[in-house]
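Colleague: So I've got this file, model_36.pdb, and it contains PDB, C-alpha atoms and all ligand atoms:
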ATOM      1  CA  MET K   1       5.094  -9.815 -10.153  1.00  0.00           C
ATOM      2  CA  GLY K   2       4.147 -11.901 -13.169  1.00  0.00           C
ATOM      3  CA  ASP K   3       1.353 -13.802 -11.431  1.00  0.00           C
ATOM      4  CA  PRO K   4      -1.834 -12.888 -13.347  1.00  0.00           C
ATOM      5  CA  ARG K   5      -3.805 -12.725 -10.085  1.00  0.00           C
ATOM      6  CA  LEU K   6      -1.916  -9.502  -9.270  1.00  0.00           C
ATOM      7  CA  ARG K   7      -3.360  -7.935 -12.438  1.00  0.00           C
ATOM      8  CA  LYS K   8      -7.037  -8.623 -11.855  1.00  0.00           C
ATOM      9  CA  VAL K   9      -9.618  -6.080 -10.723  1.00  0.00           C
ATOM     10  CA  SER K  10     -10.772  -7.308  -7.329  1.00  0.00           C
ATOM     11  CA  THR K  11     -14.389  -7.723  -6.296  1.00  0.00           C
ATOM     12  CA  MET K  12     -16.269  -5.925  -3.520  1.00  0.00           C
ATOM     13  CA  VAL K  13     -16.631  -7.532  -0.103  1.00  0.00           C
ATOM     14  CA  ASP K  14     -20.111  -7.932   1.373  1.00  0.00           C
ATOM     15  CA  ASP K  15     -19.751 -10.465   4.222  1.00  0.00           C
ATOM     16  CA  PHE K  16     -18.772  -7.959   6.908  1.00  0.00           C
ATOM     17  CA  GLY K  17     -18.264  -9.489  10.334  1.00  0.00           C
ATOM     18  CA  SER K  18     -18.005 -13.039   8.957  1.00  0.00           C
ATOM     19  CA  THR K  19     -15.558 -15.594  10.289  1.00  0.00           C
ATOM     20  CA  ARG K  20     -14.217 -16.021   6.778  1.00  0.00           C
ATOM     21  CA  LEU K  21     -13.351 -12.334   6.546  1.00  0.00           C
ATOM     22  CA  LYS K  22     -11.792 -12.290  10.022  1.00  0.00           C
ATOM     23  CA  LEU K  23      -9.562 -15.275   9.178  1.00  0.00           C
ATOM     24  CA  LEU K  24      -8.479 -13.734   5.896  1.00  0.00           C
ATOM     25  CA  ILE K  25      -7.587 -10.446   7.572  1.00  0.00           C
ATOM     26  CA  ASP K  26      -5.693 -12.270  10.338  1.00  0.00           C
ATOM     27  CA  GLU K  27      -3.665 -13.930   7.597  1.00  0.00           C
ATOM     28  CA  LEU K  28      -2.939 -10.572   5.950  1.00  0.00           C
ATOM     29  CA  TRP K  29      -1.695  -9.084   9.249  1.00  0.00           C
ATOM     30  CA  ASP K  30       0.456 -12.168   9.900  1.00  0.00           C
ATOM     31  CA  LEU K  31       2.051 -12.037   6.455  1.00  0.00           C
ATOM     32  CA  MET K  32       2.611  -8.296   6.647  1.00  0.00           C
ATOM     33  CA  GLU K  33       4.449  -8.776   9.927  1.00  0.00           C
ATOM     34  CA  ILE K  34       6.461 -11.781   8.720  1.00  0.00           C
ATOM     35  CA  TYR K  35       7.641  -9.909   5.621  1.00  0.00           C
ATOM     36  CA  GLY K  36       8.174  -6.635   7.429  1.00  0.00           C
ATOM     37  CA  GLY K  37       5.865  -4.592   5.212  1.00  0.00           C
ATOM     38  CA  VAL K  38       3.864  -1.466   6.049  1.00  0.00           C
ATOM     39  CA  GLY K  39       0.856  -2.664   4.062  1.00  0.00           C
ATOM     40  CA  LEU K  40      -0.611  -5.640   2.255  1.00  0.00           C
ATOM     41  CA  ALA K  41      -3.520  -6.132  -0.129  1.00  0.00           C
ATOM     42  CA  ALA K  42      -5.598  -9.309  -0.499  1.00  0.00           C
ATOM     43  CA  PRO K  43      -4.609  -9.874  -4.166  1.00  0.00           C
ATOM     44  CA  GLN K  44      -1.009 -10.272  -2.973  1.00  0.00           C
ATOM     45  CA  VAL K  45      -2.056 -13.536  -1.320  1.00  0.00           C
ATOM     46  CA  GLY K  46      -4.117 -14.613  -4.335  1.00  0.00           C
ATOM     47  CA  ILE K  47      -7.480 -13.340  -3.022  1.00  0.00           C
ATOM     48  CA  SER K  48      -9.124 -10.974  -5.518  1.00  0.00           C
ATOM     49  CA  GLU K  49     -11.157  -8.998  -3.009  1.00  0.00           C
ATOM     50  CA  ARG K  50     -11.090  -5.306  -2.137  1.00  0.00           C
ATOM     51  CA  ILE K  51      -9.284  -5.554   1.204  1.00  0.00           C
ATOM     52  CA  VAL K  52      -6.091  -3.811   2.305  1.00  0.00           C
ATOM     53  CA  VAL K  53      -4.329  -3.626   5.651  1.00  0.00           C
ATOM     54  CA  PHE K  54      -1.642  -1.122   6.556  1.00  0.00           C
ATOM     55  CA  GLY K  55       0.003   0.670   9.427  1.00  0.00           C
ATOM     56  CA  MET K  56       3.246   1.119  11.283  1.00  0.00           C
ATOM     57  CA  GLU K  57       4.545   2.393  14.594  1.00  0.00           C
ATOM     58  CA  SER K  58       7.565   3.725  12.781  1.00  0.00           C
ATOM     59  CA  HIS K  59       9.018   3.035   9.357  1.00  0.00           C
ATOM     60  CA  PRO K  60      11.538   0.161   9.368  1.00  0.00           C
ATOM     61  CA  THR K  61      14.089   2.318   7.501  1.00  0.00           C
ATOM     62  CA  TYR K  62      12.927   5.928   7.790  1.00  0.00           C
ATOM     63  CA  GLU K  63      11.946   6.495  11.415  1.00  0.00           C
ATOM     64  CA  GLU K  64      11.304  10.195  10.821  1.00  0.00           C
ATOM     65  CA  LEU K  65       8.139   9.334   8.876  1.00  0.00           C
ATOM     66  CA  GLY K  66       6.138   8.776  12.057  1.00  0.00           C
ATOM     67  CA  ALA K  67       3.301   6.409  12.828  1.00  0.00           C
ATOM     68  CA  VAL K  68       0.404   5.374  10.617  1.00  0.00           C
ATOM     69  CA  GLU K  69      -2.603   3.950  12.443  1.00  0.00           C
ATOM     70  CA  TYR K  70      -3.059   0.207  11.887  1.00  0.00           C
ATOM     71  CA  THR K  71      -6.095  -0.038   9.641  1.00  0.00           C
ATOM     72  CA  VAL K  72      -8.206  -2.644   7.862  1.00  0.00           C
ATOM     73  CA  LEU K  73      -9.777  -0.902   4.880  1.00  0.00           C
ATOM     74  CA  ILE K  74     -12.404  -2.716   2.836  1.00  0.00           C
ATOM     75  CA  ASN K  75     -13.986  -1.573  -0.443  1.00  0.00           C
ATOM     76  CA  PRO K  76     -11.863   1.595  -0.399  1.00  0.00           C
ATOM     77  CA  VAL K  77     -12.391   4.678  -2.540  1.00  0.00           C
ATOM     78  CA  VAL K  78      -9.440   7.045  -2.828  1.00  0.00           C
ATOM     79  CA  THR K  79      -9.923  10.649  -3.954  1.00  0.00           C
ATOM     80  CA  PRO K  80      -7.003  13.055  -4.454  1.00  0.00           C
ATOM     81  CA  ILE K  81      -7.171  16.398  -2.642  1.00  0.00           C
ATOM     82  CA  GLY K  82      -5.564  18.896  -4.981  1.00  0.00           C
ATOM     83  CA  ASP K  83      -3.102  18.164  -7.772  1.00  0.00           C
ATOM     84  CA  GLU K  84       0.135  18.173  -5.818  1.00  0.00           C
ATOM     85  CA  ARG K  85       2.262  15.074  -6.308  1.00  0.00           C
ATOM     86  CA  LYS K  86       5.514  14.047  -4.704  1.00  0.00           C
ATOM     87  CA  VAL K  87       7.981  11.337  -5.531  1.00  0.00           C
ATOM     88  CA  GLY K  88       9.111   8.847  -2.922  1.00  0.00           C
ATOM     89  CA  TRP K  89      10.785   5.461  -2.788  1.00  0.00           C
ATOM     90  CA  GLU K  90       8.508   2.439  -2.706  1.00  0.00           C
ATOM     91  CA  GLY K  91       8.932  -1.274  -2.451  1.00  0.00           C
ATOM     92  CA  CYS K  92       6.400  -4.069  -2.612  1.00  0.00           C
ATOM     93  CA  LEU K  93       6.262  -7.591  -1.226  1.00  0.00           C
ATOM     94  CA  SER K  94       5.139  -8.699  -4.710  1.00  0.00           C
ATOM     95  CA  VAL K  95       8.237  -7.120  -6.299  1.00  0.00           C
ATOM     96  CA  PRO K  96      10.816  -8.443  -3.822  1.00  0.00           C
ATOM     97  CA  GLY K  97      14.232  -6.879  -3.530  1.00  0.00           C
ATOM     98  CA  MET K  98      13.391  -3.881  -5.698  1.00  0.00           C
ATOM     99  CA  ARG K  99      12.805  -0.179  -5.067  1.00  0.00           C
ATOM    100  CA  GLY K 100      11.464   2.564  -7.264  1.00  0.00           C
ATOM    101  CA  LEU K 101      10.839   6.297  -7.120  1.00  0.00           C
ATOM    102  CA  VAL K 102       7.091   6.771  -7.566  1.00  0.00           C
ATOM    103  CA  PRO K 103       5.000   9.931  -7.925  1.00  0.00           C
ATOM    104  CA  ARG K 104       1.852   9.967  -5.790  1.00  0.00           C
ATOM    105  CA  TYR K 105      -0.745  12.513  -4.775  1.00  0.00           C
ATOM    106  CA  ARG K 106       0.457  14.265  -1.657  1.00  0.00           C
ATOM    107  CA  ARG K 107      -2.993  14.574  -0.094  1.00  0.00           C
ATOM    108  CA  ILE K 108      -5.957  12.231  -0.421  1.00  0.00           C
ATOM    109  CA  GLU K 109      -9.260  11.406   1.151  1.00  0.00           C
ATOM    110  CA  TYR K 110     -10.075   7.750   1.551  1.00  0.00           C
ATOM    111  CA  ARG K 111     -13.329   6.064   2.425  1.00  0.00           C
ATOM    112  CA  GLY K 112     -14.188   2.458   3.029  1.00  0.00           C
ATOM    113  CA  CYS K 113     -15.300   0.117   5.763  1.00  0.00           C
ATOM    114  CA  ASP K 114     -13.709  -1.730   8.642  1.00  0.00           C
ATOM    115  CA  ILE K 115     -14.080  -5.468   9.246  1.00  0.00           C
ATOM    116  CA  ASP K 116     -17.590  -5.051  10.694  1.00  0.00           C
ATOM    117  CA  GLY K 117     -18.781  -2.725   7.957  1.00  0.00           C
ATOM    118  CA  ASN K 118     -18.409   0.504   9.947  1.00  0.00           C
ATOM    119  CA  PRO K 119     -17.515   3.434   7.698  1.00  0.00           C
ATOM    120  CA  ILE K 120     -14.013   4.892   7.640  1.00  0.00           C
ATOM    121  CA  CYS K 121     -13.309   8.335   6.170  1.00  0.00           C
ATOM    122  CA  ARG K 122      -9.974  10.073   6.533  1.00  0.00           C
ATOM    123  CA  ALA K 123      -8.033  12.892   4.906  1.00  0.00           C
ATOM    124  CA  VAL K 124      -4.313  12.174   5.031  1.00  0.00           C
ATOM    125  CA  SER K 125      -1.074  13.340   3.468  1.00  0.00           C
ATOM    126  CA  ASP K 126       2.496  12.367   2.666  1.00  0.00           C
ATOM    127  CA  TYR K 127       3.594   8.862   3.667  1.00  0.00           C
ATOM    128  CA  HIS K 128       0.173   7.778   4.935  1.00  0.00           C
ATOM    129  CA  ALA K 129      -1.329   8.898   1.617  1.00  0.00           C
ATOM    130  CA  ARG K 130       1.426   7.087  -0.279  1.00  0.00           C
ATOM    131  CA  ILE K 131       0.802   3.768   1.485  1.00  0.00           C
ATOM    132  CA  VAL K 132      -2.937   3.929   0.856  1.00  0.00           C
ATOM    133  CA  GLN K 133      -2.486   4.772  -2.844  1.00  0.00           C
ATOM    134  CA  HIS K 134       0.012   1.914  -3.236  1.00  0.00           C
ATOM    135  CA  GLU K 135      -2.168  -0.665  -1.477  1.00  0.00           C
ATOM    136  CA  CYS K 136      -5.414   0.375  -3.147  1.00  0.00           C
ATOM    137  CA  ASP K 137      -3.724   0.178  -6.555  1.00  0.00           C
ATOM    138  CA  HIS K 138      -3.293  -3.551  -5.917  1.00  0.00           C
ATOM    139  CA  LEU K 139      -7.101  -3.873  -5.944  1.00  0.00           C
ATOM    140  CA  ASP K 140      -7.152  -2.668  -9.534  1.00  0.00           C
ATOM    141  CA  GLY K 141      -4.244  -4.809 -10.686  1.00  0.00           C
ATOM    142  CA  ILE K 142      -1.740  -1.943 -10.625  1.00  0.00           C
ATOM    143  CA  LEU K 143       1.807  -2.370  -9.304  1.00  0.00           C
ATOM    144  CA  TYR K 144       4.050   0.557  -8.380  1.00  0.00           C
ATOM    145  CA  PRO K 145       6.395   0.192 -11.405  1.00  0.00           C
ATOM    146  CA  ASP K 146       3.322   0.982 -13.560  1.00  0.00           C
ATOM    147  CA  ARG K 147       3.133   4.375 -11.823  1.00  0.00           C
ATOM    148  CA  MET K 148       6.783   5.253 -12.319  1.00  0.00           C
ATOM    149  CA  THR K 149       7.662   8.018 -14.766  1.00  0.00           C
ATOM    150  CA  ASP K 150      11.461   7.536 -14.685  1.00  0.00           C
ATOM    151  CA  LEU K 151      12.566   3.905 -14.887  1.00  0.00           C
ATOM    152  CA  THR K 152      16.202   4.923 -14.308  1.00  0.00           C
ATOM    153  CA  GLN K 153      15.020   5.228 -10.684  1.00  0.00           C
ATOM    154  CA  PHE K 154      14.042   1.554 -10.458  1.00  0.00           C
ATOM    155  CA  GLY K 155      16.523  -0.972  -9.129  1.00  0.00           C
ATOM    156  CA  PHE K 156      17.709  -3.444  -6.574  1.00  0.00           C
ATOM    157  CA  GLU K 157      17.166  -2.326  -3.011  1.00  0.00           C
ATOM    158  CA  GLU K 158      20.731  -3.031  -1.936  1.00  0.00           C
ATOM    159  CA  GLU K 159      22.192  -1.082  -4.870  1.00  0.00           C
ATOM    160  CA  ILE K 160      19.893   1.870  -4.302  1.00  0.00           C
ATOM    161  CA  SER K 161      20.517   2.040  -0.566  1.00  0.00           C
ATOM    162  CA  SER K 162      24.286   1.785  -1.016  1.00  0.00           C
ATOM    163  CA  ASN K 163      24.338   4.455  -3.740  1.00  0.00           C
ATOM    164  CA  LEU K 164      22.193   7.008  -1.975  1.00  0.00           C
ATOM    165  CA  ALA K 165      23.806   8.618   1.036  1.00  0.00           C
ATOM    166  CA  GLU K 166      20.347   9.233   2.343  1.00  0.00           C
ATOM    167  CA  ALA K 167      17.410   7.851   0.451  1.00  0.00           C
ATOM    168  CA  THR K 168      14.716  10.440  -0.030  1.00  0.00           C
ATOM    169  CA  VAL K 169      11.221   9.491   0.989  1.00  0.00           C
ATOM    170  CA  GLU K 170       8.662  12.275   0.621  1.00  0.00           C
TER     171      GLU K 170
HETATM  172 NI    NI O 201       2.592  -3.611  -2.864  1.00  0.00          NI
END
Mind turning the file's structure into C-alpha cells?
Ligand code: NI
Modeller:
Amino acid sequence: MGDPRLRKVSTMVDDFGSTRLKLLIDELWDLMEIYGGVGLAAPQVGISERIVVFGMESHPTYEELGAVEYTVLINPVVTPIGDERKVGWEGCLSVPGMRGLVPRYRRIEYRGCDIDGNPICRAVSDYHARIVQHECDHLDGILYPDRMTDLTQFGFEEEISSNLAEATVE
C-alpha cells in the first residue's frame, strides 16, 4: 500500500491464449501460494491488467468456510444480487500484517473470461463473493481499507487474533 500502481484503473486483456498471458498467470498462482493468500490480482505484482486469480481448498485460518474453486478470471464484471451486505475480516498481501472488518455484498454474480477467452458466469455468496469483490476492487485501484466503515476495526493481525476469542468471518 502506497505504491501508486495499486491505485490505477487496470486495462482490459485481449491476448487470450497467449504465452505472455499464461506466464503472467503462472506467476500470480506461484506468488499466491508463496504468500499463502486466497486470491491475487495482477496490479499487486505491478501489472495493470484486469486479471485476478483466487481459490482455496479450505481457508488457512477458518476451515469452516469451505472450498472455493480455483479460478482465473479475466476482464471481470461483478454485479450485486440484492442489497444485503455482511461484514467480515479481510487481509491483503498488499497491506501486510493487517486485518480489517469490511462490509461486502453477500450475494453477487460475476462474469468474465478464463485464460483462453471462454466465458465464466457464476452466482455466488458469502466468502466466495467476498474474495471476488476484494480481488476485483484491485483492478479499479481500490484497497479493502477504502471499503471499511469503522476504522476502529482495522489493526495488526496478531493483535486482532489475540484479542478476539474467535474471529468472525461472515
Ligand atoms: Ni488484496
Colleague: Compile the contact shell of K:Gly100 as an mmCIF file with C-alpha atoms, in the coordinates of the input: residues with an atom at most 12 Å away, counting all atoms listed in the file, same-chain residues fewer than 3 positions apart removed.
Modeller:
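Below you can see out-v1.cif, which holds the result:
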data_model
loop_
_atom_site.group_PDB
_atom_site.id
_atom_site.type_symbol
_atom_site.label_atom_id
_atom_site.label_comp_id
_atom_site.auth_asym_id
_atom_site.auth_seq_id
_atom_site.Cartn_x
_atom_site.Cartn_y
_atom_site.Cartn_z
ATOM 1 C CA VAL K 87 7.981 11.337 -5.531
ATOM 2 C CA GLY K 88 9.111 8.847 -2.922
ATOM 3 C CA TRP K 89 10.785 5.461 -2.788
ATOM 4 C CA GLU K 90 8.508 2.439 -2.706
ATOM 5 C CA GLY K 91 8.932 -1.274 -2.451
ATOM 6 C CA CYS K 92 6.400 -4.069 -2.612
ATOM 7 C CA VAL K 95 8.237 -7.120 -6.299
ATOM 8 C CA PRO K 96 10.816 -8.443 -3.822
ATOM 9 C CA GLY K 97 14.232 -6.879 -3.530
ATOM 10 C CA PRO K 103 5.000 9.931 -7.925
ATOM 11 C CA LEU K 143 1.807 -2.370 -9.304
ATOM 12 C CA TYR K 144 4.050 0.557 -8.380
ATOM 13 C CA PRO K 145 6.395 0.192 -11.405
ATOM 14 C CA ASP K 146 3.322 0.982 -13.560
ATOM 15 C CA ARG K 147 3.133 4.375 -11.823
ATOM 16 C CA MET K 148 6.783 5.253 -12.319
ATOM 17 C CA THR K 149 7.662 8.018 -14.766
ATOM 18 C CA ASP K 150 11.461 7.536 -14.685
ATOM 19 C CA LEU K 151 12.566 3.905 -14.887
ATOM 20 C CA THR K 152 16.202 4.923 -14.308
ATOM 21 C CA GLN K 153 15.020 5.228 -10.684
ATOM 22 C CA PHE K 154 14.042 1.554 -10.458
ATOM 23 C CA GLY K 155 16.523 -0.972 -9.129
ATOM 24 C CA PHE K 156 17.709 -3.444 -6.574
ATOM 25 C CA GLU K 157 17.166 -2.326 -3.011
ATOM 26 C CA GLU K 159 22.192 -1.082 -4.870
ATOM 27 C CA ILE K 160 19.893 1.870 -4.302
ATOM 28 C CA SER K 161 20.517 2.040 -0.566
ATOM 29 C CA ALA K 167 17.410 7.851 0.451
ATOM 30 C CA THR K 168 14.716 10.440 -0.030
ATOM 31 C CA VAL K 169 11.221 9.491 0.989
#
Colleague: Counting only C-alpha atoms and all ligand atoms, what residues are within 10 Å of ligand NI 201 (chain O), given as a ChimeraX atom specification?
Modeller: /K:1,6,37-41,43-44,90-96,131,133-138,142-144
Colleague: Have a look at atom CA of K:Ser48 and atom CA of K:Met12 and let me know their distance in Å, one decimal.
Modeller: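 Interatomic distance, atom CA of K:Ser48 to atom CA of K:Met12: 9.0 Å.
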Colleague: Taking the file as shown, find all residues satisfying the PyMOL selection byres (((chain K and resi 125) around 12) and not hetatm) and write them as a list of chain:residue names.
Modeller: K:Leu65, K:Val68, K:Thr79, K:Pro80, K:Ile81, K:Gly82, K:Glu84, K:Arg85, K:Lys86, K:Arg104, K:Tyr105, K:Arg106, K:Arg107, K:Ile108, K:Glu109, K:Tyr110, K:Arg122, K:Ala123, K:Val124, K:Asp126, K:Tyr127, K:His128, K:Ala129, K:Arg130, K:Ile131, K:Val132, K:Gln133, K:Glu170
Colleague: Export C-alpha atoms of the chosen residues as a tab-separated table (two decimals), in the frame of the given file?
Modeller:
chain	number	residue	atom	x	y	z
K	65	LEU	CA	8.14	9.33	8.88
K	68	VAL	CA	0.40	5.37	10.62
K	79	THR	CA	-9.92	10.65	-3.95
K	80	PRO	CA	-7.00	13.06	-4.45
K	81	ILE	CA	-7.17	16.40	-2.64
K	82	GLY	CA	-5.56	18.90	-4.98
K	84	GLU	CA	0.14	18.17	-5.82
K	85	ARG	CA	2.26	15.07	-6.31
K	86	LYS	CA	5.51	14.05	-4.70
K	104	ARG	CA	1.85	9.97	-5.79
K	105	TYR	CA	-0.74	12.51	-4.78
K	106	ARG	CA	0.46	14.26	-1.66
K	107	ARG	CA	-2.99	14.57	-0.09
K	108	ILE	CA	-5.96	12.23	-0.42
K	109	GLU	CA	-9.26	11.41	1.15
K	110	TYR	CA	-10.07	7.75	1.55
K	122	ARG	CA	-9.97	10.07	6.53
K	123	ALA	CA	-8.03	12.89	4.91
K	124	VAL	CA	-4.31	12.17	5.03
K	126	ASP	CA	2.50	12.37	2.67
K	127	TYR	CA	3.59	8.86	3.67
K	128	HIS	CA	0.17	7.78	4.93
K	129	ALA	CA	-1.33	8.90	1.62
K	130	ARG	CA	1.43	7.09	-0.28
K	131	ILE	CA	0.80	3.77	1.48
K	132	VAL	CA	-2.94	3.93	0.86
K	133	GLN	CA	-2.49	4.77	-2.84
K	170	GLU	CA	8.66	12.28	0.62
Colleague: Please measure the separation of atom CA of K:Asp30 and atom CA of K:Glu158, giving the value in Å to one decimal.
Modeller: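 These two atoms are separated by 25.2 Å.
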Colleague: Quick one: 5 Å padding each side, axis-aligned, all listed atoms of stretch 11-20 of chain K - centre and edge lengths in Å to one decimal, as AutoDock Vina command-line options?
Modeller:
--center_x -17.2 --center_y -11.0 --center_z 2.0 --size_x 15.9 --size_y 20.1 --size_z 26.6
Colleague: To one decimal place, how far is atom CA of K:Leu31 from atom CA of K:Glu57 in Å?
Modeller: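 Pair atom CA of K:Leu31 / atom CA of K:Glu57 returns 16.8 Å.
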Colleague: Would you mind telling me which residue in K:Gly66, K:Gly55, K:Gly2, K:Pro76 lies nearest to K:Gly117 when using only C-alpha atoms?
Modeller: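 Nearest candidate to K:Gly117 out of K:Gly66, K:Gly55, K:Gly2, K:Pro76: K:Pro76.
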Colleague: Quick one: everything within 8 Å of K:Thr11, counting all atoms listed in the file, minus sequence neighbours fewer than 2 positions away in the same chain. Send it as a PyMOL selection string.
Modeller: chain K and resi 9+13+48-50
Colleague: Counting only C-alpha atoms, which residue out of K:Ala67, K:Leu24, K:Met32, K:Val52 sits closest to K:Ser10?
Modeller: K:Val52
Colleague: Neighbours of K:Arg111 within 8 Å (only C-alpha atoms; same-chain residues fewer than 4 positions away dropped), as a PDB file with C-alpha atoms, keeping the file's coordinate frame?
Modeller:
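The result, stored in part-v1.pdb:
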ATOM      1  CA  PRO K  76     -11.863   1.595  -0.399  1.00  0.00           C
ATOM      2  CA  VAL K  77     -12.391   4.678  -2.540  1.00  0.00           C
ATOM      3  CA  VAL K  78      -9.440   7.045  -2.828  1.00  0.00           C
ATOM      4  CA  PRO K 119     -17.515   3.434   7.698  1.00  0.00           C
ATOM      5  CA  ILE K 120     -14.013   4.892   7.640  1.00  0.00           C
ATOM      6  CA  CYS K 121     -13.309   8.335   6.170  1.00  0.00           C
ATOM      7  CA  ARG K 122      -9.974  10.073   6.533  1.00  0.00           C
TER       8      ARG K 122
END
Colleague: Pick out the closest residue to K:Trp29 from this set: K:Ser162, K:Ala42, K:Asn118, K:Val102. Count only C-alpha atoms.
Modeller: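 Counting only C-alpha atoms, the residue closest to K:Trp29 is K:Ala42.
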